[in-house]
$ cat final-v3.cif   # mmCIF, C-alpha atoms and all ligand atoms
data_upload
loop_
_atom_site.label_atom_id
_atom_site.label_comp_id
_atom_site.auth_asym_id
_atom_site.auth_seq_id
_atom_site.Cartn_x
_atom_site.Cartn_y
_atom_site.Cartn_z
CA MET Q 1 -96.57 -39.31 19.78
CA GLY Q 2 -93.17 -38.35 21.21
CA LYS Q 3 -91.92 -35.06 22.51
CA LYS Q 4 -93.92 -31.98 21.47
CA TRP Q 5 -92.26 -28.74 20.50
CA ARG Q 6 -94.33 -25.71 21.24
CA ASN Q 7 -94.09 -22.07 20.59
CA LYS Q 8 -96.08 -19.37 22.25
CA LYS Q 9 -98.11 -17.47 19.72
CA LYS Q 10 -100.31 -14.51 20.37
CA PRO Q 11 -103.70 -15.00 18.66
CA GLN Q 12 -103.89 -12.71 15.63
CA ASN Q 13 -107.03 -10.89 16.77
CA GLY Q 14 -105.20 -9.61 19.84
CA ASN Q 15 -107.32 -11.77 22.10
CA SER Q 16 -105.90 -14.27 24.52
CA GLY Q 17 -107.88 -17.21 23.15
CA LYS Q 18 -109.64 -17.35 26.54
CA VAL Q 19 -113.17 -16.16 27.14
CA ASP Q 20 -114.81 -14.52 30.12
CA GLU Q 21 -117.85 -15.88 31.90
CA GLY Q 22 -120.12 -14.32 29.31
CA GLY Q 23 -118.20 -16.00 26.46
CA ARG Q 24 -116.53 -12.73 25.38
CA PRO Q 25 -112.86 -12.94 24.38
CA ILE Q 26 -110.35 -11.72 27.00
CA ARG Q 27 -107.83 -9.45 25.31
CA GLY Q 28 -104.08 -9.88 25.77
CA ALA Q 29 -104.17 -12.19 28.78
CA GLY Q 30 -102.35 -15.21 27.34
CA TYR Q 31 -101.05 -17.16 24.35
CA GLU Q 32 -102.06 -20.23 22.42
CA ASP Q 33 -99.60 -23.01 21.67
CA ILE Q 34 -98.22 -23.95 18.27
CA VAL Q 35 -97.17 -27.57 17.93
CA LYS Q 36 -94.03 -27.77 15.83
CA GLU Q 37 -94.99 -30.88 13.97
CA ASN Q 38 -96.41 -31.53 10.51
CA LYS Q 39 -96.47 -35.07 9.16
CA MET Q 40 -97.10 -33.91 5.58
CA PHE Q 41 -94.05 -31.65 5.73
CA GLU Q 42 -91.88 -34.56 6.88
CA GLU Q 43 -93.20 -36.97 4.26
CA PHE Q 44 -92.82 -34.42 1.49
CA TYR Q 45 -89.25 -33.45 2.28
CA LYS Q 46 -88.13 -37.01 3.05
CA LYS Q 47 -89.38 -37.99 -0.42
CA GLN Q 48 -87.62 -34.99 -1.97
CA GLY Q 49 -84.37 -36.06 -0.27
CA ILE Q 50 -83.43 -32.52 0.70
CA VAL Q 51 -81.08 -33.80 3.42
CA PRO Q 52 -79.21 -37.12 3.63
CA GLU Q 53 -81.13 -39.70 5.70
CA ALA Q 54 -78.48 -39.72 8.42
CA GLU Q 55 -79.01 -35.97 8.97
CA TRP Q 56 -82.81 -36.08 9.02
CA ASP Q 57 -83.30 -36.06 12.81
CA SER Q 58 -80.87 -33.21 13.41
CA PHE Q 59 -82.48 -31.30 10.50
CA MET Q 60 -85.91 -31.58 12.16
CA GLU Q 61 -84.48 -30.73 15.60
CA THR Q 62 -82.84 -27.60 14.18
CA LEU Q 63 -86.09 -26.47 12.53
CA ARG Q 64 -87.68 -26.49 15.98
CA GLU Q 65 -84.98 -24.32 17.52
CA PRO Q 66 -85.42 -20.55 17.52
CA LEU Q 67 -83.46 -18.70 14.86
CA PRO Q 68 -80.29 -16.99 16.11
CA ALA Q 69 -80.23 -13.23 15.69
CA SER Q 70 -77.74 -11.80 13.24
CA PHE Q 71 -76.56 -8.39 12.18
CA ARG Q 72 -74.17 -6.71 9.81
CA VAL Q 73 -72.30 -3.46 10.11
CA THR Q 74 -73.27 -1.07 7.32
CA GLY Q 75 -71.97 2.16 5.79
CA THR Q 76 -68.93 3.11 3.73
CA ARG Q 77 -65.64 1.32 4.32
CA SER Q 78 -64.23 3.77 6.86
CA GLN Q 79 -67.55 4.17 8.72
CA SER Q 80 -68.10 0.43 8.93
CA GLN Q 81 -64.51 -0.23 10.05
CA ALA Q 82 -64.85 2.36 12.83
CA LEU Q 83 -68.10 0.85 14.06
CA LEU Q 84 -66.73 -2.68 13.73
CA ALA Q 85 -63.80 -1.73 15.96
CA ILE Q 86 -66.28 -0.62 18.65
CA VAL Q 87 -68.32 -3.83 18.32
CA GLN Q 88 -65.20 -5.98 18.55
CA GLU Q 89 -63.22 -4.08 21.20
CA ASP Q 90 -65.99 -2.91 23.49
CA PHE Q 91 -68.33 -5.87 23.35
CA LEU Q 92 -67.20 -9.11 21.73
CA LYS Q 93 -63.63 -9.14 23.13
CA MET Q 94 -64.98 -8.38 26.59
CA VAL Q 95 -67.07 -11.55 26.49
CA GLU Q 96 -64.18 -13.59 25.13
CA LYS Q 97 -61.81 -12.30 27.83
CA LYS Q 98 -64.21 -12.65 30.71
CA ASP Q 99 -65.66 -15.96 29.78
CA GLY Q 100 -62.74 -17.32 27.76
CA ALA Q 101 -62.24 -20.26 30.09
CA GLU Q 102 -65.78 -21.46 29.44
CA ALA Q 103 -65.94 -21.75 25.68
CA GLU Q 104 -69.67 -22.46 25.64
CA GLU Q 105 -70.29 -19.00 27.09
CA VAL Q 106 -69.16 -17.36 23.87
CA ARG Q 107 -72.36 -17.21 21.90
CA HIS Q 108 -71.46 -15.16 18.88
CA VAL Q 109 -69.87 -16.10 15.62
CA CYS Q 110 -68.41 -13.96 12.85
CA LEU Q 111 -69.90 -15.14 9.53
CA PRO Q 112 -66.80 -16.22 7.59
CA TRP Q 113 -68.30 -15.74 4.12
CA TYR Q 114 -69.39 -12.14 4.68
CA PRO Q 115 -66.63 -9.73 3.56
CA ASP Q 116 -64.39 -7.83 6.01
CA ARG Q 117 -65.74 -9.61 9.15
CA LEU Q 118 -68.74 -7.27 9.10
CA ALA Q 119 -71.51 -9.80 9.88
CA TYR Q 120 -72.21 -11.71 13.09
CA GLN Q 121 -74.61 -14.31 14.35
CA LEU Q 122 -75.66 -14.28 18.00
CA ASN Q 123 -76.92 -17.47 19.60
CA LEU Q 124 -78.18 -15.59 22.63
CA THR Q 125 -81.05 -16.44 24.90
CA ARG Q 126 -82.60 -13.83 27.18
CA MET Q 127 -80.75 -15.56 29.99
CA ASP Q 128 -77.36 -15.04 28.22
CA ILE Q 129 -78.14 -11.36 27.78
CA ARG Q 130 -79.07 -11.03 31.42
CA LYS Q 131 -76.07 -13.05 32.65
CA SER Q 132 -73.37 -11.29 30.66
CA GLU Q 133 -72.83 -7.57 31.05
CA ALA Q 134 -71.02 -7.41 27.70
CA TYR Q 135 -73.86 -9.11 25.83
CA HIS Q 136 -76.39 -6.93 27.60
CA LYS Q 137 -74.49 -3.81 26.49
CA LEU Q 138 -74.09 -5.22 22.97
CA HIS Q 139 -77.83 -5.90 22.80
CA ASN Q 140 -78.66 -2.28 23.71
CA PHE Q 141 -75.95 -0.97 21.37
CA LEU Q 142 -77.39 -2.97 18.45
CA ILE Q 143 -80.85 -1.57 19.08
CA SER Q 144 -79.68 2.05 19.10
CA GLU Q 145 -77.29 1.64 16.12
CA THR Q 146 -80.04 -0.08 14.09
CA GLU Q 147 -82.23 2.96 14.62
CA SER Q 148 -79.49 5.25 13.35
CA GLY Q 149 -78.85 2.95 10.35
CA ASN Q 150 -75.27 1.92 11.19
CA ILE Q 151 -76.25 -1.65 11.81
CA SER Q 152 -78.69 -3.81 9.92
CA ARG Q 153 -80.31 -6.60 11.91
CA GLN Q 154 -80.84 -8.97 9.03
CA GLU Q 155 -81.35 -12.71 8.92
CA THR Q 156 -78.14 -14.54 8.03
CA VAL Q 157 -79.44 -16.23 4.86
CA SER Q 158 -81.03 -12.99 3.67
CA MET Q 159 -77.54 -11.49 3.33
CA ILE Q 160 -76.54 -14.05 0.68
CA PRO Q 161 -78.52 -13.09 -2.49
CA PRO Q 162 -77.34 -9.44 -2.58
CA LEU Q 163 -73.80 -10.57 -1.83
CA VAL Q 164 -73.61 -13.00 -4.75
CA LEU Q 165 -75.24 -10.42 -7.04
CA ASP Q 166 -71.87 -8.63 -6.85
CA VAL Q 167 -73.12 -5.06 -7.40
CA GLN Q 168 -70.54 -2.50 -8.57
CA PRO Q 169 -71.01 1.29 -8.38
CA HIS Q 170 -71.64 1.61 -12.14
CA HIS Q 171 -74.34 -1.08 -12.29
CA LYS Q 172 -77.98 -0.52 -13.13
CA VAL Q 173 -79.70 -2.76 -10.58
CA LEU Q 174 -83.32 -3.95 -10.44
CA ASP Q 175 -84.79 -5.47 -7.28
CA MET Q 176 -88.02 -6.99 -8.64
CA CYS Q 177 -89.81 -7.96 -5.37
CA ALA Q 178 -88.13 -5.65 -2.93
CA ALA Q 179 -90.30 -4.95 0.13
CA PRO Q 180 -89.68 -4.67 3.02
CA GLY Q 181 -86.24 -3.89 1.64
CA SER Q 182 -83.50 -5.42 3.78
CA LYS Q 183 -81.84 -6.78 0.63
CA THR Q 184 -82.47 -3.50 -1.21
CA ALA Q 185 -80.51 -1.71 1.51
CA GLN Q 186 -77.60 -4.07 0.95
CA LEU Q 187 -77.73 -3.40 -2.80
CA ILE Q 188 -77.69 0.36 -2.25
CA GLU Q 189 -74.74 0.00 0.11
CA ALA Q 190 -72.83 -1.99 -2.53
CA LEU Q 191 -73.57 0.72 -5.08
CA HIS Q 192 -72.10 3.35 -2.73
CA ARG Q 193 -69.07 1.26 -1.77
CA GLU Q 194 -66.56 3.79 -3.14
CA GLU Q 195 -66.01 6.42 -0.50
CA GLY Q 196 -66.80 10.00 -1.48
CA ALA Q 197 -67.67 9.14 -5.10
CA MET Q 198 -71.17 9.37 -6.50
CA PRO Q 199 -71.96 6.05 -8.19
CA ALA Q 200 -72.75 6.09 -11.91
CA GLY Q 201 -75.30 3.31 -11.40
CA MET Q 202 -78.68 3.11 -9.66
CA VAL Q 203 -81.05 0.78 -7.85
CA VAL Q 204 -84.70 0.45 -8.91
CA ALA Q 205 -86.70 -1.27 -6.16
CA ASN Q 206 -90.07 -2.64 -7.20
CA ASP Q 207 -92.93 -4.28 -5.34
CA ALA Q 208 -96.46 -5.13 -6.44
CA ASP Q 209 -97.93 -4.27 -3.05
CA ASN Q 210 -98.52 -0.53 -2.78
CA LYS Q 211 -98.55 -0.51 1.03
CA ARG Q 212 -95.33 -2.50 1.19
CA CYS Q 213 -93.74 0.03 -1.19
CA TYR Q 214 -93.91 2.48 1.72
CA MET Q 215 -91.55 0.19 3.62
CA LEU Q 216 -89.13 0.82 0.76
CA VAL Q 217 -89.66 4.56 1.20
CA HIS Q 218 -88.51 4.10 4.79
CA GLN Q 219 -85.35 2.31 3.56
CA ALA Q 220 -84.77 5.09 1.03
CA LYS Q 221 -84.90 7.74 3.75
CA ARG Q 222 -82.52 5.77 5.93
CA MET Q 223 -80.04 5.26 3.08
CA GLN Q 224 -80.18 8.85 1.76
CA SER Q 225 -79.13 7.71 -1.73
CA PRO Q 226 -79.92 9.89 -4.75
CA CYS Q 227 -79.36 6.84 -6.98
CA PHE Q 228 -82.48 5.01 -5.90
CA CYS Q 229 -86.10 4.89 -7.03
CA ILE Q 230 -89.16 2.83 -6.18
CA THR Q 231 -91.70 1.41 -8.62
CA ASN Q 232 -95.02 -0.32 -7.95
CA HIS Q 233 -95.71 -2.98 -10.61
CA ASP Q 234 -96.48 -6.64 -10.99
CA ALA Q 235 -92.93 -7.85 -11.64
CA ALA Q 236 -94.15 -10.55 -14.03
CA ASN Q 237 -95.33 -7.72 -16.29
CA MET Q 238 -92.65 -5.21 -15.41
CA PRO Q 239 -92.90 -2.45 -18.03
CA THR Q 240 -89.97 -1.70 -20.27
CA MET Q 241 -88.26 1.48 -19.07
CA ARG Q 242 -86.44 3.92 -21.31
CA ALA Q 243 -83.13 5.66 -20.71
CA ALA Q 244 -82.86 9.45 -21.24
CA ASP Q 245 -81.79 8.85 -24.87
CA GLY Q 246 -84.92 6.78 -25.52
CA SER Q 247 -83.09 3.43 -25.60
CA ARG Q 248 -84.55 0.42 -23.82
CA LEU Q 249 -83.27 0.25 -20.25
CA LEU Q 250 -81.64 -3.08 -19.45
CA PHE Q 251 -80.17 -3.95 -16.07
CA ASP Q 252 -76.68 -5.24 -15.24
CA ARG Q 253 -77.85 -6.87 -12.03
CA ILE Q 254 -81.31 -8.17 -11.12
CA LEU Q 255 -82.46 -9.56 -7.81
CA CYS Q 256 -85.49 -11.79 -8.11
CA ASP Q 257 -86.43 -12.52 -4.48
CA VAL Q 258 -89.86 -13.86 -5.34
CA PRO Q 259 -93.01 -14.35 -3.22
CA CYS Q 260 -92.85 -17.89 -1.82
CA SER Q 261 -94.41 -20.33 0.62
CA GLY Q 262 -91.73 -19.30 3.13
CA ASP Q 263 -91.23 -22.68 4.76
CA GLY Q 264 -87.55 -21.86 5.21
CA THR Q 265 -88.63 -19.32 7.83
CA MET Q 266 -90.18 -21.85 10.25
CA ARG Q 267 -87.58 -21.12 12.92
CA LYS Q 268 -88.73 -17.51 12.95
CA ASN Q 269 -92.40 -17.86 11.94
CA ALA Q 270 -93.74 -20.82 13.88
CA ASP Q 271 -97.20 -20.44 12.31
CA VAL Q 272 -95.79 -22.05 9.15
CA TRP Q 273 -95.87 -25.42 11.01
CA PRO Q 274 -99.63 -25.94 11.23
CA LYS Q 275 -100.35 -24.21 7.90
CA TRP Q 276 -97.83 -26.08 5.77
CA ASN Q 277 -99.04 -28.12 2.83
CA PRO Q 278 -97.39 -28.82 -0.54
CA ALA Q 279 -99.97 -26.84 -2.51
CA ASN Q 280 -98.63 -23.59 -0.96
CA GLY Q 281 -95.40 -24.02 -2.91
CA SER Q 282 -96.85 -25.58 -6.08
CA ASN Q 283 -99.39 -22.76 -6.46
CA LEU Q 284 -96.58 -20.20 -6.57
CA HIS Q 285 -94.37 -21.95 -9.13
CA GLY Q 286 -96.06 -20.26 -12.12
CA LEU Q 287 -95.80 -16.73 -10.71
CA GLN Q 288 -92.20 -17.31 -9.63
CA TYR Q 289 -91.27 -18.54 -13.12
CA ASN Q 290 -93.06 -15.59 -14.80
CA ILE Q 291 -91.29 -13.03 -12.59
CA ALA Q 292 -87.86 -14.59 -13.14
CA MET Q 293 -88.46 -14.90 -16.90
CA ARG Q 294 -89.42 -11.21 -17.11
CA GLY Q 295 -86.22 -10.49 -15.17
CA LEU Q 296 -84.19 -12.35 -17.78
CA GLU Q 297 -85.84 -10.29 -20.52
CA LEU Q 298 -84.75 -7.12 -18.73
CA LEU Q 299 -81.18 -8.32 -18.14
CA ALA Q 300 -78.36 -6.77 -20.15
CA GLU Q 301 -76.03 -9.10 -22.03
CA GLY Q 302 -73.29 -10.30 -19.66
CA GLY Q 303 -75.45 -9.32 -16.67
CA ARG Q 304 -76.31 -11.39 -13.62
CA LEU Q 305 -79.70 -12.34 -12.17
CA VAL Q 306 -80.00 -13.92 -8.73
CA TYR Q 307 -83.14 -15.96 -8.08
CA SER Q 308 -83.98 -16.53 -4.41
CA THR Q 309 -86.82 -17.67 -2.16
CA CYS Q 310 -87.13 -18.32 1.56
CA SER Q 311 -88.59 -21.72 0.84
CA LEU Q 312 -87.01 -25.18 0.97
CA ASN Q 313 -89.37 -26.52 -1.68
CA PRO Q 314 -87.66 -27.67 -4.94
CA ILE Q 315 -90.86 -26.86 -6.87
CA GLU Q 316 -90.25 -23.19 -5.95
CA ASP Q 317 -86.46 -23.36 -6.26
CA GLU Q 318 -84.73 -25.90 -8.50
CA ALA Q 319 -87.83 -26.51 -10.69
CA VAL Q 320 -88.09 -22.77 -11.50
CA VAL Q 321 -84.39 -22.48 -12.29
CA SER Q 322 -84.37 -25.63 -14.42
CA ARG Q 323 -87.42 -24.42 -16.39
CA LEU Q 324 -85.74 -21.04 -16.99
CA LEU Q 325 -82.62 -22.76 -18.26
CA ALA Q 326 -84.60 -25.04 -20.53
CA ASP Q 327 -86.81 -22.28 -21.95
CA THR Q 328 -83.97 -19.83 -22.63
CA LYS Q 329 -82.20 -22.48 -24.75
CA GLY Q 330 -78.62 -21.67 -23.83
CA ALA Q 331 -78.98 -17.87 -23.68
CA VAL Q 332 -78.37 -17.95 -19.90
CA ARG Q 333 -76.11 -20.17 -17.82
CA LEU Q 334 -76.05 -21.19 -14.18
CA VAL Q 335 -73.10 -19.69 -12.28
CA ASP Q 336 -71.37 -21.52 -9.44
CA VAL Q 337 -70.92 -18.92 -6.68
CA ALA Q 338 -69.46 -21.23 -4.02
CA ALA Q 339 -66.06 -19.49 -4.24
CA ASP Q 340 -67.72 -16.14 -3.36
CA LEU Q 341 -68.91 -17.54 -0.02
CA PRO Q 342 -65.87 -19.09 1.69
CA GLY Q 343 -66.78 -21.10 4.77
CA LEU Q 344 -70.54 -21.24 4.07
CA LYS Q 345 -72.01 -24.64 4.88
CA TYR Q 346 -74.38 -25.58 2.07
CA SER Q 347 -75.75 -28.50 0.12
CA PRO Q 348 -75.77 -28.53 -3.66
CA GLY Q 349 -79.18 -28.05 -5.30
CA LEU Q 350 -81.33 -31.06 -6.16
CA THR Q 351 -81.17 -32.42 -9.68
CA SER Q 352 -84.44 -34.33 -9.45
CA TRP Q 353 -87.59 -33.82 -7.39
CA VAL Q 354 -91.09 -35.08 -6.99
CA ASN Q 355 -94.15 -33.03 -7.86
CA PHE Q 356 -96.64 -33.47 -5.06
CA SER Q 357 -99.24 -30.94 -6.05
CA LYS Q 358 -101.90 -33.50 -5.23
CA LEU Q 359 -100.31 -34.49 -1.94
CA VAL Q 360 -103.26 -33.33 0.16
CA ASP Q 361 -105.65 -35.67 -1.67
CA ILE Q 362 -103.14 -38.49 -1.74
CA HIS Q 363 -102.50 -38.02 1.95
CA ARG Q 364 -106.18 -38.30 2.74
CA ALA Q 365 -106.39 -41.49 0.69
CA GLY Q 366 -103.41 -43.19 2.30
CA PRO Q 367 -99.63 -43.33 2.22
CA LEU Q 368 -97.74 -41.08 -0.17
CA GLN Q 369 -97.13 -42.03 -3.76
CA ALA Q 370 -94.53 -40.26 -5.82
CA GLY Q 371 -96.04 -38.03 -8.49
CA ASN Q 372 -94.40 -36.95 -11.72
CA SER Q 373 -90.78 -36.14 -11.64
CA GLY Q 374 -89.69 -32.70 -12.83
CA ARG Q 375 -92.00 -29.74 -13.15
C1 LIG Q 401 -90.03 -12.53 -0.14
S1 LIG Q 401 -90.74 -10.93 -0.15
C2 LIG Q 401 -89.39 -9.96 -0.61
C3 LIG Q 401 -88.44 -9.65 0.52
C4 LIG Q 401 -87.45 -8.56 0.18
N1 LIG Q 401 -86.69 -8.87 -1.02
C5 LIG Q 401 -86.49 -8.31 1.33
O1 LIG Q 401 -85.41 -8.91 1.35
O2 LIG Q 401 -86.78 -7.50 2.21
C6 LIG Q 401 -91.69 -10.97 -1.61
C7 LIG Q 401 -92.29 -9.65 -2.01
O3 LIG Q 401 -92.86 -9.83 -3.29
C8 LIG Q 401 -93.97 -8.97 -3.40
N2 LIG Q 401 -94.77 -9.50 -4.53
C9 LIG Q 401 -95.73 -10.45 -4.54
N3 LIG Q 401 -96.17 -10.64 -5.79
C10 LIG Q 401 -95.48 -9.81 -6.59
C11 LIG Q 401 -95.48 -9.53 -7.98
N4 LIG Q 401 -96.28 -10.16 -8.82
N5 LIG Q 401 -94.64 -8.57 -8.43
C12 LIG Q 401 -93.81 -7.90 -7.61
N6 LIG Q 401 -93.76 -8.11 -6.28
C13 LIG Q 401 -94.58 -9.05 -5.78
C14 LIG Q 401 -94.63 -9.05 -2.05
O4 LIG Q 401 -95.42 -7.88 -1.84
C15 LIG Q 401 -93.41 -9.12 -1.13
O5 LIG Q 401 -93.10 -7.84 -0.67
#

$ encode --input "final-v3.cif" --output "structure tokens"
Amino acid sequence: MGKKWRNKKKPQNGNSGKVDEGGRPIRGAGYEDIVKENKMFEEFYKKQGIVPEAEWDSFMETLREPLPASFRVTGTRSQSQALLAIVQEDFLKMVEKKDGAEAEEVRHVCLPWYPDRLAYQLNLTRMDIRKSEAYHKLHNFLISETESGNISRQETVSMIPPLVLDVQPHHKVLDMCAAPGSKTAQLIEALHREEGAMPAGMVVANDADNKRCYMLVHQAKRMQSPCFCITNHDAANMPTMRAADGSRLLFDRILCDVPCSGDGTMRKNADVWPKWNPANGSNLHGLQYNIAMRGLELLAEGGRLVYSTCSLNPIEDEAVVSRLLADTKGAVRLVDVAADLPGLKYSPGLTSWVNFSKLVDIHRAGPLQAGNSGR
């Protein structure tokens, strides 16, 4: 086997993985290695054709790289512009000026598709932070401003679903699977986008996990919005809510960020590598479809629902969307949002895929065979 990619992972029980002379675990003394390889993963995604063949090696290389940190400046327009000026003038420009001659030293990028230049990605190693005074100061600034809620340290791709949901202050918004709530926070901010005016709309954030609902309570406190409430239901059986006049409450905007296998988070969660198998995704397809379908039932006419996962698997992504479109028989349509995200590098969704729910057995028996196409 060629080069091995490893990641240090602390054993989950808090032990080092090493034992003392008496065979008792030694706590906290070291880390075990995670090998960033999974043959089944490669076979599965090569067969699905999620990237062109010529890009396969760089795709795999990138998955083994750590995820760059990213953040966005939050708050109302004037607050965010004031903070942005500090970020740009005091930190980012300083790096550009000082290190301008050596382009590779500039390790931050403004995300072009995020409105008003408010979101940044930082490709910083610990060494960069130590080497550059400006980056070191920026790092400390981000930590303190995150605590006070002026900055949200949020993964780049996680910013996209709330953005394309296009929430306006008068919208009734439902976030069906909301915890821990980084996207909910973005929805609440969009609701409050008009300075000094109380929005006519509201955000209902739901999660099935009672403990995780308390993470939403934390978001609520940070956001201080009176137009926000939290519910604790299975989203696939989300109860019908009633407005004050007794009418059935339908939502203008629904975010359906469903539970998923999460294999799109490998760069951040290295433990996905050894655990990955195709059944993880296939087993969730039914729940994902049921949640999204309930969302469509709760959507007002002319409303918008965004379906998202942090998984690369077409069985969790395209197959769910295609089944929703087929089963709603023309009542909903797929919207092309590319124009809302100028400068975002993306690939169009797949139009065909292979169902490998029996991949584990097939893999044991020998080389992969394509299963049924479609869902
Ligand atoms: C991908 S996470 C959501 C992340 C969140 N939207 C964010 O951006 O911070 C999926 C969430 O779905 C919740 N969940 C799982 N099954 C659910 C169900 N049947 N109904 C509602 N929520 C569910 C999990 O507790 C988890 O918090």

$ closest_atom_pairs --input "final-v3.cif" --of "chain Q" --to "ligand LIG 401 (chain Q)" --cutoff "7 Å" --atoms "all atoms listed in the file" --output "JSON lines"
{"residue": "Q:Ser158", "atom": "CA", "partner": "Q:LIG401", "partner_atom": "O1", "distance": 6.4}
{"residue": "Q:Met176", "atom": "CA", "partner": "Q:LIG401", "partner_atom": "C12", "distance": 6.0}
{"residue": "Q:Cys177", "atom": "CA", "partner": "Q:LIG401", "partner_atom": "N6", "distance": 4.1}
{"residue": "Q:Ala178", "atom": "CA", "partner": "Q:LIG401", "partner_atom": "N1", "distance": 4.0}
{"residue": "Q:Ala179", "atom": "CA", "partner": "Q:LIG401", "partner_atom": "O5", "distance": 4.1}
{"residue": "Q:Pro180", "atom": "CA", "partner": "Q:LIG401", "partner_atom": "O2", "distance": 4.1}
{"residue": "Q:Gly181", "atom": "CA", "partner": "Q:LIG401", "partner_atom": "O2", "distance": 3.7}
{"residue": "Q:Ser182", "atom": "CA", "partner": "Q:LIG401", "partner_atom": "O2", "distance": 4.2}
{"residue": "Q:Lys183", "atom": "CA", "partner": "Q:LIG401", "partner_atom": "O1", "distance": 4.2}
{"residue": "Q:Thr184", "atom": "CA", "partner": "Q:LIG401", "partner_atom": "O1", "distance": 6.7}
{"residue": "Q:Asn206", "atom": "CA", "partner": "Q:LIG401", "partner_atom": "C12", "distance": 6.5}
{"residue": "Q:Asp207", "atom": "CA", "partner": "Q:LIG401", "partner_atom": "N6", "distance": 4.0}
{"residue": "Q:Ala208", "atom": "CA", "partner": "Q:LIG401", "partner_atom": "C12", "distance": 4.0}
{"residue": "Q:Asp209", "atom": "CA", "partner": "Q:LIG401", "partner_atom": "O4", "distance": 4.6}
{"residue": "Q:Arg212", "atom": "CA", "partner": "Q:LIG401", "partner_atom": "O5", "distance": 6.1}
{"residue": "Q:His233", "atom": "CA", "partner": "Q:LIG401", "partner_atom": "C12", "distance": 6.1}
{"residue": "Q:Asp234", "atom": "CA", "partner": "Q:LIG401", "partner_atom": "N5", "distance": 3.7}
{"residue": "Q:Ala235", "atom": "CA", "partner": "Q:LIG401", "partner_atom": "N5", "distance": 3.7}
{"residue": "Q:Ala236", "atom": "CA", "partner": "Q:LIG401", "partner_atom": "N4", "distance": 5.6}
{"residue": "Q:Asp257", "atom": "CA", "partner": "Q:LIG401", "partner_atom": "N1", "distance": 5.0}
{"residue": "Q:Val258", "atom": "CA", "partner": "Q:LIG401", "partner_atom": "C6", "distance": 5.1}
{"residue": "Q:Pro259", "atom": "CA", "partner": "Q:LIG401", "partner_atom": "C6", "distance": 4.0}
{"residue": "Q:Cys260", "atom": "CA", "partner": "Q:LIG401", "partner_atom": "C1", "distance": 6.3}
{"residue": "Q:Leu287", "atom": "CA", "partner": "Q:LIG401", "partner_atom": "N4", "distance": 6.9}
{"residue": "Q:Ile291", "atom": "CA", "partner": "Q:LIG401", "partner_atom": "N4", "distance": 6.9}
{"residue": "Q:Thr309", "atom": "CA", "partner": "Q:LIG401", "partner_atom": "C1", "distance": 6.4}
{"residue": "Q:Cys310", "atom": "CA", "partner": "Q:LIG401", "partner_atom": "C1", "distance": 6.7}

$ write_last_selection --input "final-v3.cif" --atoms "C-alpha atoms" --output "PDB file, in the coordinates of the input"
ATOM      1  CA  SER Q 158     -81.030 -12.990   3.670  1.00  0.00           C
ATOM      2  CA  MET Q 176     -88.020  -6.990  -8.640  1.00  0.00           C
ATOM      3  CA  CYS Q 177     -89.810  -7.960  -5.370  1.00  0.00           C
ATOM      4  CA  ALA Q 178     -88.130  -5.650  -2.930  1.00  0.00           C
ATOM      5  CA  ALA Q 179     -90.300  -4.950   0.130  1.00  0.00           C
ATOM      6  CA  PRO Q 180     -89.680  -4.670   3.020  1.00  0.00           C
ATOM      7  CA  GLY Q 181     -86.240  -3.890   1.640  1.00  0.00           C
ATOM      8  CA  SER Q 182     -83.500  -5.420   3.780  1.00  0.00           C
ATOM      9  CA  LYS Q 183     -81.840  -6.780   0.630  1.00  0.00           C
ATOM     10  CA  THR Q 184     -82.470  -3.500  -1.210  1.00  0.00           C
ATOM     11  CA  ASN Q 206     -90.070  -2.640  -7.200  1.00  0.00           C
ATOM     12  CA  ASP Q 207     -92.930  -4.280  -5.340  1.00  0.00           C
ATOM     13  CA  ALA Q 208     -96.460  -5.130  -6.440  1.00  0.00           C
ATOM     14  CA  ASP Q 209     -97.930  -4.270  -3.050  1.00  0.00           C
ATOM     15  CA  ARG Q 212     -95.330  -2.500   1.190  1.00  0.00           C
ATOM     16  CA  HIS Q 233     -95.710  -2.980 -10.610  1.00  0.00           C
ATOM     17  CA  ASP Q 234     -96.480  -6.640 -10.990  1.00  0.00           C
ATOM     18  CA  ALA Q 235     -92.930  -7.850 -11.640  1.00  0.00           C
ATOM     19  CA  ALA Q 236     -94.150 -10.550 -14.030  1.00  0.00           C
ATOM     20  CA  ASP Q 257     -86.430 -12.520  -4.480  1.00  0.00           C
ATOM     21  CA  VAL Q 258     -89.860 -13.860  -5.340  1.00  0.00           C
ATOM     22  CA  PRO Q 259     -93.010 -14.350  -3.220  1.00  0.00           C
ATOM     23  CA  CYS Q 260     -92.850 -17.890  -1.820  1.00  0.00           C
ATOM     24  CA  LEU Q 287     -95.800 -16.730 -10.710  1.00  0.00           C
ATOM     25  CA  ILE Q 291     -91.290 -13.030 -12.590  1.00  0.00           C
ATOM     26  CA  THR Q 309     -86.820 -17.670  -2.160  1.00  0.00           C
ATOM     27  CA  CYS Q 310     -87.130 -18.320   1.560  1.00  0.00           C
TER      28      CYS Q 310
END

$ closest_residue --input "final-v3.cif" --among "Q:Leu334, Q:Ile86, Q:Val35, Q:Met238" --to "Leu142 of chain Q" --atoms "only C-alpha atoms"
Q:Ile86

$ atom_distance --input "final-v3.cif" --atom1 "atom CA of His192 of chain Q" --atom2 "atom CA of Cys256 of chain Q"
20.9 Å

$ atom_distance --input "final-v3.cif" --atom1 "atom CA of Cys227 of chain Q" --atom2 "atom CA of Met202 of chain Q"
4.6 Å

$ residues_around --input "final-v3.cif" --residues "Pro162 of chain Q" --least-positions-apart "6" --cutoff "12 Å" --atoms "all atoms listed in the file" --output "ChimeraX atom specification"
/Q:114,156,168,173-175,178,181-191,253-257,304-308,340-341
